[in-house]
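Here is the file coords07.cif (mmCIF, C-alpha atoms and all ligand atoms).
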```cif
data_data
loop_
_atom_site.label_atom_id
_atom_site.label_comp_id
_atom_site.auth_asym_id
_atom_site.auth_seq_id
_atom_site.Cartn_x
_atom_site.Cartn_y
_atom_site.Cartn_z
CA MET L 876 0.00 0.00 0.00
CA ASP L 877 1.33 3.40 -0.94
CA VAL L 878 0.62 5.54 2.05
CA THR L 879 0.96 9.24 2.71
CA ALA L 880 -0.17 9.99 6.21
CA GLY L 881 -0.48 13.69 7.02
CA SER L 882 -0.48 13.30 10.77
CA ALA L 883 2.71 12.64 12.66
CA ARG L 884 2.54 9.32 14.44
CA PRO L 885 3.56 9.39 18.07
CA ALA L 886 6.66 7.36 18.76
CA VAL L 887 5.42 4.43 20.85
CA PRO L 888 8.00 1.99 22.15
CA ALA L 889 7.09 -1.60 21.20
CA CYS L 890 6.94 -2.66 24.85
CA ASP L 891 4.21 -0.09 25.56
CA THR L 892 1.64 -1.46 23.13
CA ALA L 893 -0.59 -2.72 25.96
CA LEU L 894 -1.02 0.91 27.08
CA VAL L 895 -2.09 2.18 23.66
CA ASP L 896 -5.81 2.61 23.06
CA GLN L 897 -6.63 0.04 20.41
CA HIS L 898 -9.75 1.86 19.29
CA THR L 899 -10.53 5.04 17.44
CA LEU L 900 -13.65 7.17 17.26
CA ALA L 901 -14.81 7.40 13.65
CA TYR L 902 -17.68 9.39 12.17
CA ILE L 903 -19.65 8.01 9.23
CA GLY L 904 -21.96 10.00 6.97
CA LEU L 905 -25.01 8.15 5.62
CA GLY L 906 -27.20 9.14 2.68
CA ALA L 907 -29.87 7.57 0.46
CA ASN L 908 -32.51 8.73 -2.03
CA VAL L 909 -33.70 5.64 -3.91
CA GLY L 910 -36.34 3.13 -2.81
CA GLY L 911 -36.89 2.88 0.93
CA ALA L 912 -34.27 5.44 1.91
CA HIS L 913 -35.32 5.62 5.56
CA ASP L 914 -35.21 1.84 5.88
CA ALA L 915 -31.80 1.68 4.18
CA LEU L 916 -30.35 4.16 6.70
CA ARG L 917 -31.92 2.34 9.64
CA ARG L 918 -30.52 -0.99 8.44
CA ALA L 919 -27.12 0.58 7.82
CA VAL L 920 -26.95 1.80 11.44
CA ALA L 921 -27.91 -1.68 12.69
CA LEU L 922 -25.30 -3.36 10.50
CA LEU L 923 -22.57 -0.90 11.52
CA ALA L 924 -23.40 -1.40 15.20
CA SER L 925 -23.26 -5.20 14.85
CA ARG L 926 -19.74 -5.29 13.41
CA PRO L 927 -17.23 -7.17 15.54
CA ASP L 928 -15.20 -5.05 17.92
CA THR L 929 -17.34 -2.00 17.09
CA ALA L 930 -19.55 0.09 19.37
CA LEU L 931 -22.19 2.58 18.30
CA GLN L 932 -21.54 5.79 20.25
CA GLY L 933 -24.17 8.10 18.80
CA VAL L 934 -26.69 8.64 16.02
CA SER L 935 -27.59 12.08 14.68
CA ARG L 936 -31.00 13.34 13.79
CA LEU L 937 -32.36 12.32 10.40
CA TYR L 938 -32.36 15.09 7.77
CA ARG L 939 -34.26 15.54 4.55
CA THR L 940 -31.92 17.34 2.17
CA ARG L 941 -32.13 18.77 -1.32
CA PRO L 942 -29.77 17.08 -3.77
CA VAL L 943 -26.56 18.96 -4.59
CA GLY L 944 -24.97 18.70 -8.03
CA PRO L 945 -25.90 18.49 -11.68
CA VAL L 946 -28.38 15.58 -11.62
CA ASP L 947 -32.14 16.11 -11.26
CA GLN L 948 -33.15 13.61 -8.55
CA ASP L 949 -35.24 13.07 -5.43
CA ASP L 950 -34.46 14.56 -2.03
CA PHE L 951 -32.00 12.65 0.13
CA LEU L 952 -32.21 11.44 3.68
CA ASN L 953 -28.93 12.00 5.54
CA ALA L 954 -27.58 11.19 8.97
CA ALA L 955 -24.26 10.55 10.73
CA VAL L 956 -23.09 8.07 13.33
CA ALA L 957 -20.17 7.93 15.75
CA LEU L 958 -18.51 4.52 15.97
CA ARG L 959 -15.77 3.16 18.17
CA VAL L 960 -13.76 0.98 15.81
CA PRO L 961 -10.49 -0.95 15.85
CA ALA L 962 -7.63 1.51 15.41
CA GLY L 963 -5.56 -0.80 13.22
CA SER L 964 -1.83 -1.26 13.62
CA ARG L 965 -1.42 2.06 11.76
CA PRO L 966 -4.16 4.69 11.27
CA GLU L 967 -4.07 4.39 7.49
CA LEU L 968 -4.63 0.62 7.78
CA GLY L 969 -7.44 1.00 10.31
CA ALA L 970 -9.14 3.68 8.20
CA MET L 971 -8.79 1.66 4.99
CA ALA L 972 -10.20 -1.45 6.71
CA LEU L 973 -13.20 0.58 7.85
CA LEU L 974 -13.76 2.07 4.39
CA THR L 975 -13.57 -1.41 2.84
CA ALA L 976 -16.21 -2.54 5.36
CA LEU L 977 -18.40 0.45 4.45
CA LYS L 978 -18.15 -0.39 0.74
CA GLY L 979 -19.11 -4.01 1.53
CA LEU L 980 -22.15 -2.81 3.49
CA GLU L 981 -23.19 -0.60 0.56
CA GLN L 982 -23.16 -3.72 -1.61
CA ASP L 983 -25.08 -5.72 0.97
CA LEU L 984 -27.71 -2.97 1.13
CA GLY L 985 -28.17 -3.11 -2.62
CA ARG L 986 -26.21 -0.13 -3.89
CA GLN L 987 -26.20 -0.11 -7.71
CA GLN L 988 -23.44 1.35 -9.86
CA ARG L 989 -24.68 4.69 -11.13
CA GLN L 990 -23.25 8.00 -12.24
CA ARG L 991 -21.24 10.09 -9.77
CA TRP L 992 -23.39 12.66 -7.93
CA GLY L 993 -26.44 10.63 -8.98
CA PRO L 994 -29.12 8.80 -7.00
CA ARG L 995 -28.06 6.05 -4.62
CA GLU L 996 -29.67 3.36 -2.50
CA ILE L 997 -27.09 3.99 0.22
CA ASP L 998 -23.88 5.99 0.55
CA LEU L 999 -21.56 5.46 3.50
CA ASP L 1000 -18.72 7.96 3.73
CA LEU L 1001 -15.88 7.90 6.22
CA LEU L 1002 -15.94 11.50 7.46
CA LEU L 1003 -13.42 11.42 10.30
CA PHE L 1004 -11.07 8.77 11.70
CA GLY L 1005 -9.89 9.97 15.09
CA GLY L 1006 -7.78 13.09 14.73
CA HIS L 1007 -5.98 11.70 11.69
CA ARG L 1008 -5.43 13.38 8.38
CA LEU L 1009 -4.79 10.71 5.78
CA ARG L 1010 -4.47 10.29 2.05
CA VAL L 1011 -4.09 6.66 1.07
CA GLU L 1012 -3.86 5.03 -2.34
CA ARG L 1013 -4.20 1.31 -2.86
CA ASP L 1014 -1.39 -0.18 -4.81
CA PRO L 1015 -2.42 -1.90 -8.10
CA ALA L 1016 -1.76 -5.41 -6.76
CA ALA L 1017 -4.23 -4.91 -3.92
CA ARG L 1018 -6.80 -3.42 -6.31
CA SER L 1019 -6.96 -6.41 -8.62
CA GLU L 1020 -7.83 -8.73 -5.75
CA ASP L 1021 -11.34 -7.45 -5.14
CA PRO L 1022 -12.78 -5.94 -8.31
CA ALA L 1023 -16.17 -7.62 -7.81
CA ARG L 1024 -16.65 -6.03 -4.38
CA GLY L 1025 -16.02 -2.56 -5.77
CA GLY L 1026 -13.56 -1.94 -2.96
CA PRO L 1027 -12.18 1.54 -2.40
CA GLN L 1028 -9.16 2.54 -4.49
CA TRP L 1029 -8.26 5.55 -2.41
CA LEU L 1030 -9.15 7.18 0.85
CA GLU L 1031 -8.98 10.67 2.19
CA VAL L 1032 -9.91 11.71 5.74
CA PRO L 1033 -11.30 14.05 6.76
CA HIS L 1034 -13.63 13.40 3.81
CA PRO L 1035 -12.67 16.18 1.36
CA ALA L 1036 -16.21 17.52 0.83
CA ALA L 1037 -17.36 17.28 4.44
CA SER L 1038 -16.28 20.75 5.54
CA GLU L 1039 -18.45 22.47 2.90
CA ARG L 1040 -21.62 20.39 2.71
CA LEU L 1041 -24.52 21.25 4.98
CA PHE L 1042 -26.07 17.79 4.51
CA VAL L 1043 -22.93 16.33 6.12
CA LEU L 1044 -22.23 19.10 8.64
CA ALA L 1045 -25.74 19.34 10.13
CA PRO L 1046 -25.85 15.68 11.27
CA LEU L 1047 -22.16 15.69 12.24
CA ALA L 1048 -22.72 18.78 14.41
CA ASP L 1049 -25.48 16.90 16.28
CA LEU L 1050 -22.78 14.47 17.43
CA ALA L 1051 -19.63 16.58 17.76
CA PRO L 1052 -20.29 20.34 17.55
CA ASP L 1053 -17.05 21.39 19.26
CA LEU L 1054 -14.73 18.99 17.47
CA GLU L 1055 -12.14 20.67 15.24
CA PRO L 1056 -11.22 18.24 12.46
CA PRO L 1057 -7.61 18.42 11.27
CA GLY L 1058 -7.15 21.00 8.51
CA TRP L 1059 -10.53 22.71 8.97
CA GLY L 1060 -9.43 25.62 11.18
CA ARG L 1061 -12.91 25.75 12.75
CA SER L 1062 -15.27 23.56 14.74
CA VAL L 1063 -17.92 21.36 13.14
CA ALA L 1064 -20.66 23.70 14.46
CA ALA L 1065 -18.90 26.77 13.00
CA ALA L 1066 -18.54 25.01 9.64
CA ARG L 1067 -22.22 24.06 9.76
CA ASP L 1068 -23.30 27.63 10.52
CA ARG L 1069 -21.13 28.94 7.69
CA ALA L 1070 -22.62 26.41 5.24
CA ARG L 1071 -26.14 27.15 6.47
CA ALA L 1072 -25.70 30.88 5.80
CA ARG L 1073 -24.99 30.04 2.15
CA GLU L 1074 -28.03 27.76 1.66
CA ASP L 1075 -31.78 28.07 1.43
CA PRO L 1076 -33.08 27.42 4.98
CA ASP L 1077 -35.25 24.57 3.66
CA ALA L 1078 -32.37 22.78 1.90
CA VAL L 1079 -31.55 20.67 4.99
CA ARG L 1080 -34.36 19.96 7.47
CA ALA L 1081 -34.33 17.70 10.55
CA VAL L 1082 -37.20 15.22 10.20
CA GLY L 1083 -36.38 12.51 12.75
CA VAL L 1084 -34.83 11.89 16.16
CA TRP L 1085 -33.00 8.64 16.93
CA HIS L 1086 -34.74 6.39 19.45
CA VAL L 1087 -32.22 3.99 20.98
CA GLY L 1088 -34.82 1.42 22.11
CA ARG L 1089 -36.49 1.22 18.72
CA GLY L 1090 -33.25 1.44 16.75
CA ASP L 1091 -34.94 3.91 14.42
CA TRP L 1092 -35.68 7.59 13.93
CA LEU L 1093 -39.07 8.86 15.09
CA PRO L 1094 -40.60 11.80 13.23
CA THR L 1095 -39.61 15.11 14.89
CA ASP L 1096 -43.23 16.24 15.03
CA THR L 1097 -44.05 13.31 17.37
CA VAL L 1098 -41.11 14.13 19.66
CA ARG L 1099 -41.52 17.03 22.08
CA GLY L 1100 -38.90 19.71 21.50
CA GLY L 1101 -37.64 17.97 18.35
P1 LIG Y 1 -19.23 9.84 -3.42
O1 LIG Y 1 -17.97 10.66 -3.53
O2 LIG Y 1 -20.38 10.50 -4.08
O3 LIG Y 1 -19.51 9.38 -2.02
P2 LIG Y 1 -18.74 7.05 -3.92
O4 LIG Y 1 -19.49 6.70 -2.68
O5 LIG Y 1 -19.05 6.26 -5.16
O6 LIG Y 1 -18.95 8.57 -4.31
O7 LIG Y 1 -17.19 6.99 -3.57
C1 LIG Y 1 -16.23 6.91 -4.57
C2 LIG Y 1 -14.88 6.55 -3.95
O8 LIG Y 1 -14.46 7.58 -3.06
C3 LIG Y 1 -14.82 5.32 -3.08
O9 LIG Y 1 -14.71 4.13 -3.79
C4 LIG Y 1 -13.56 5.57 -2.23
O10 LIG Y 1 -12.42 4.90 -2.73
C5 LIG Y 1 -13.34 7.06 -2.37
N1 LIG Y 1 -13.15 7.73 -1.09
C6 LIG Y 1 -12.06 8.45 -0.75
N2 LIG Y 1 -12.13 8.92 0.49
C7 LIG Y 1 -13.31 8.49 1.00
C8 LIG Y 1 -13.94 8.63 2.27
N3 LIG Y 1 -13.37 9.34 3.27
N4 LIG Y 1 -15.15 8.05 2.45
C9 LIG Y 1 -15.73 7.35 1.44
N5 LIG Y 1 -15.18 7.16 0.21
C10 LIG Y 1 -13.97 7.72 -0.02
MG MG Y 2 -19.45 7.61 -0.87
#
```

This entry written out as structure tokens:
Amino acid sequence: MDVTAGSARPAVPACDTALVDQHTLAYIGLGANVGGAHDALRRAVALLASRPDTALQGVSRLYRTRPVGPVDQDDFLNAAVALRVPAGSRPELGAMALLTALKGLEQDLGRQQRQRWGPREIDLDLLLFGGHRLRVERDPAARSEDPARGGPQWLEVPHPAASERLFVLAPLADLAPDLEPPGWGRSVAAARDRARAREDPDAVRAVGVWHVGRGDWLPTDTVRGG
């Protein structure tokens, strides 16, 4: 794997590995606008939470969002989750393993190959992986091993579009408003407010609140104060 990691790795003596936290907090952005979009997002959260060695730490509100980009298509539903995941022996390996798992879940949830920016049954983006800033390219040998799974060929975290897109920032700010992702120069909430000032107020609307017991979002109008 050809790896360019932007963050300096702390020097950890080999004998201290037992003291190193073996997990990382990752944030995943979810989106869908084809078929049963709400159900796809709900199932995606359940599948993410059931992964081995993974713990669901938080689920944002559910948002109905206007599509961005050149293609005329239906509104999206978007959300974000916080997950405690295995850190990997190096951050770029842990992040790539998680992205590969996300791509596998997209396949399992029936994602079809379509044009970029176009409609999708489910989109799972790795927004943040701990405090790491990474740009990873798979080497060609690794690529040819899994063409049928449509595995990721490259990875960038923080996700390059996350700091500008209200449909990502609004749910992420539900979970981590004060977090300052590497390279952003501002908190998630500040980035959200900046993006919101540039958009039509109706472009991104909260429509659901996560109910832990039900494992689903309930409509905001049925939840007091939602
Ligand atoms: P979109 O950019 O609209 O989400 P896709 O979901 O089809 O499009 O992703 C295309 C490719 O983007 C993936 O196969 C993956 O290799 C790459 N990619 C790079 N960084 C990330 C990231 N942080 N999260 C998700 N995909 C990423
Ligand atoms: Mg994606």

Given a cut-off of 6 Å, what residues near ligand LIG 1 (chain Y) show up using all atoms listed in the file, put as a compact mmCIF listing (two decimals) with C-alpha atoms, in the frame of the given file?
```txt
# COMPACT_ATOMS: atom_id res chain seq x y z
CA ARG L 991 -21.24 10.09 -9.77
CA TRP L 992 -23.39 12.66 -7.93
CA ASP L 998 -23.88 5.99 0.55
CA ASP L 1000 -18.72 7.96 3.73
CA LEU L 1001 -15.88 7.90 6.22
CA LEU L 1002 -15.94 11.50 7.46
CA PRO L 1027 -12.18 1.54 -2.40
CA GLN L 1028 -9.16 2.54 -4.49
CA TRP L 1029 -8.26 5.55 -2.41
CA LEU L 1030 -9.15 7.18 0.85
CA GLU L 1031 -8.98 10.67 2.19
CA VAL L 1032 -9.91 11.71 5.74
CA HIS L 1034 -13.63 13.40 3.81
```

Would you pick out the contacts of Ala976 of chain L at 12 Å or less, using all atoms listed in the file, so that residues sharing its chain but fewer than 2 positions from it are not included, and give the list as a PyMOL selection string? chain L and resi 903+919+922-923+926-927+929+960+969-974+978-983+999-1001+1024-1027

Mind writing the picked residues with C-alpha atoms as a compact mmCIF listing (two decimals), keeping the file's coordinate frame?
```txt
# COMPACT_ATOMS: atom_id res chain seq x y z
CA ILE L 903 -19.65 8.01 9.23
CA ALA L 919 -27.12 0.58 7.82
CA LEU L 922 -25.30 -3.36 10.50
CA LEU L 923 -22.57 -0.90 11.52
CA ARG L 926 -19.74 -5.29 13.41
CA PRO L 927 -17.23 -7.17 15.54
CA THR L 929 -17.34 -2.00 17.09
CA VAL L 960 -13.76 0.98 15.81
CA GLY L 969 -7.44 1.00 10.31
CA ALA L 970 -9.14 3.68 8.20
CA MET L 971 -8.79 1.66 4.99
CA ALA L 972 -10.20 -1.45 6.71
CA LEU L 973 -13.20 0.58 7.85
CA LEU L 974 -13.76 2.07 4.39
CA LYS L 978 -18.15 -0.39 0.74
CA GLY L 979 -19.11 -4.01 1.53
CA LEU L 980 -22.15 -2.81 3.49
CA GLU L 981 -23.19 -0.60 0.56
CA GLN L 982 -23.16 -3.72 -1.61
CA ASP L 983 -25.08 -5.72 0.97
CA LEU L 999 -21.56 5.46 3.50
CA ASP L 1000 -18.72 7.96 3.73
CA LEU L 1001 -15.88 7.90 6.22
CA ARG L 1024 -16.65 -6.03 -4.38
CA GLY L 1025 -16.02 -2.56 -5.77
CA GLY L 1026 -13.56 -1.94 -2.96
CA PRO L 1027 -12.18 1.54 -2.40
```

Could you state the separation of atom CA of Arg1061 of chain L and atom CA of Phe1004 of chain L in Å, given to one decimal place? 17.1 Å

When you count only C-alpha atoms and all ligand atoms, which of these residues is closest to ligand MG 2 (chain Y): L:Gly944, L:Pro1052, L:Gly985, L:Gly906? L:Gly906

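Among the candidates L:Leu1009, L:Ala957, L:Ala912, L:Val920, the residue lying nearest to Ala1048 of chain L is L:Ala957 (atoms considered: all atoms listed in the file).
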
Within 10 Å of Leu916 of chain L, counting only C-alpha atoms, which residues show up once you throw out same-chain ones fewer than 6 positions away? Write them as a VMD selection string, please. chain L and resid 905 to 907 922 937 952 to 955 984 996 to 999 1091 to 1092

Compare L:Gln948, L:Ser925, L:Ser964, L:Gln990 by their minimum atom-to-atom distance to ligand MG 2 (chain Y), counting only C-alpha atoms and all ligand atoms, and give me the closest one. L:Gln990

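As for atom CA of Arg1080 of chain L and atom CA of Tyr938 of chain L, they are spaced 5.3 Å apart.
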
Dig up all the protein and nucleic acid residues within 8 Å of (-10.3, -1.3, 18.2) in the file frame, using all atoms listed in the file, and format them as a ChimeraX atom specification. /L:896-899,928-929,959-963

Of the residues L:Gly1006, L:Arg989, L:Val934, L:Asp914, which is the one nearest to ligand MG 2 (chain Y), using only C-alpha atoms and all ligand atoms? L:Arg989

Top pick for closest residue to ligand MG 2 (chain Y), considering L:Asp949, L:Ala1070, L:Glu967, L:Gly993 and counting only C-alpha atoms and all ligand atoms: L:Gly993

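Atom pair atom CA of Ala1064 of chain L / atom CA of Asp1049 of chain L has a distance of 8.5 Å (rounded to one decimal).
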
With distances taken over all atoms listed in the file, the candidate from L:Gly933, L:Gly1088, L:Pro942, L:Gly1005 nearest Pro966 of chain L is L:Gly1005

Can you list, as a list in words, every protein, DNA or RNA residue that comes within 10 Å of Ser1038 of chain L when you count all atoms listed in the file, leaving out same-chain residues fewer than 3 positions away? Leu1002, Pro1033, His1034, Pro1035, Leu1041, Val1043, Leu1044, Pro1056, Gly1058, Trp1059, Arg1061, Ser1062, Val1063, Ala1065, Ala1066, Arg1067, Arg1069 and Ala1070 of chain L
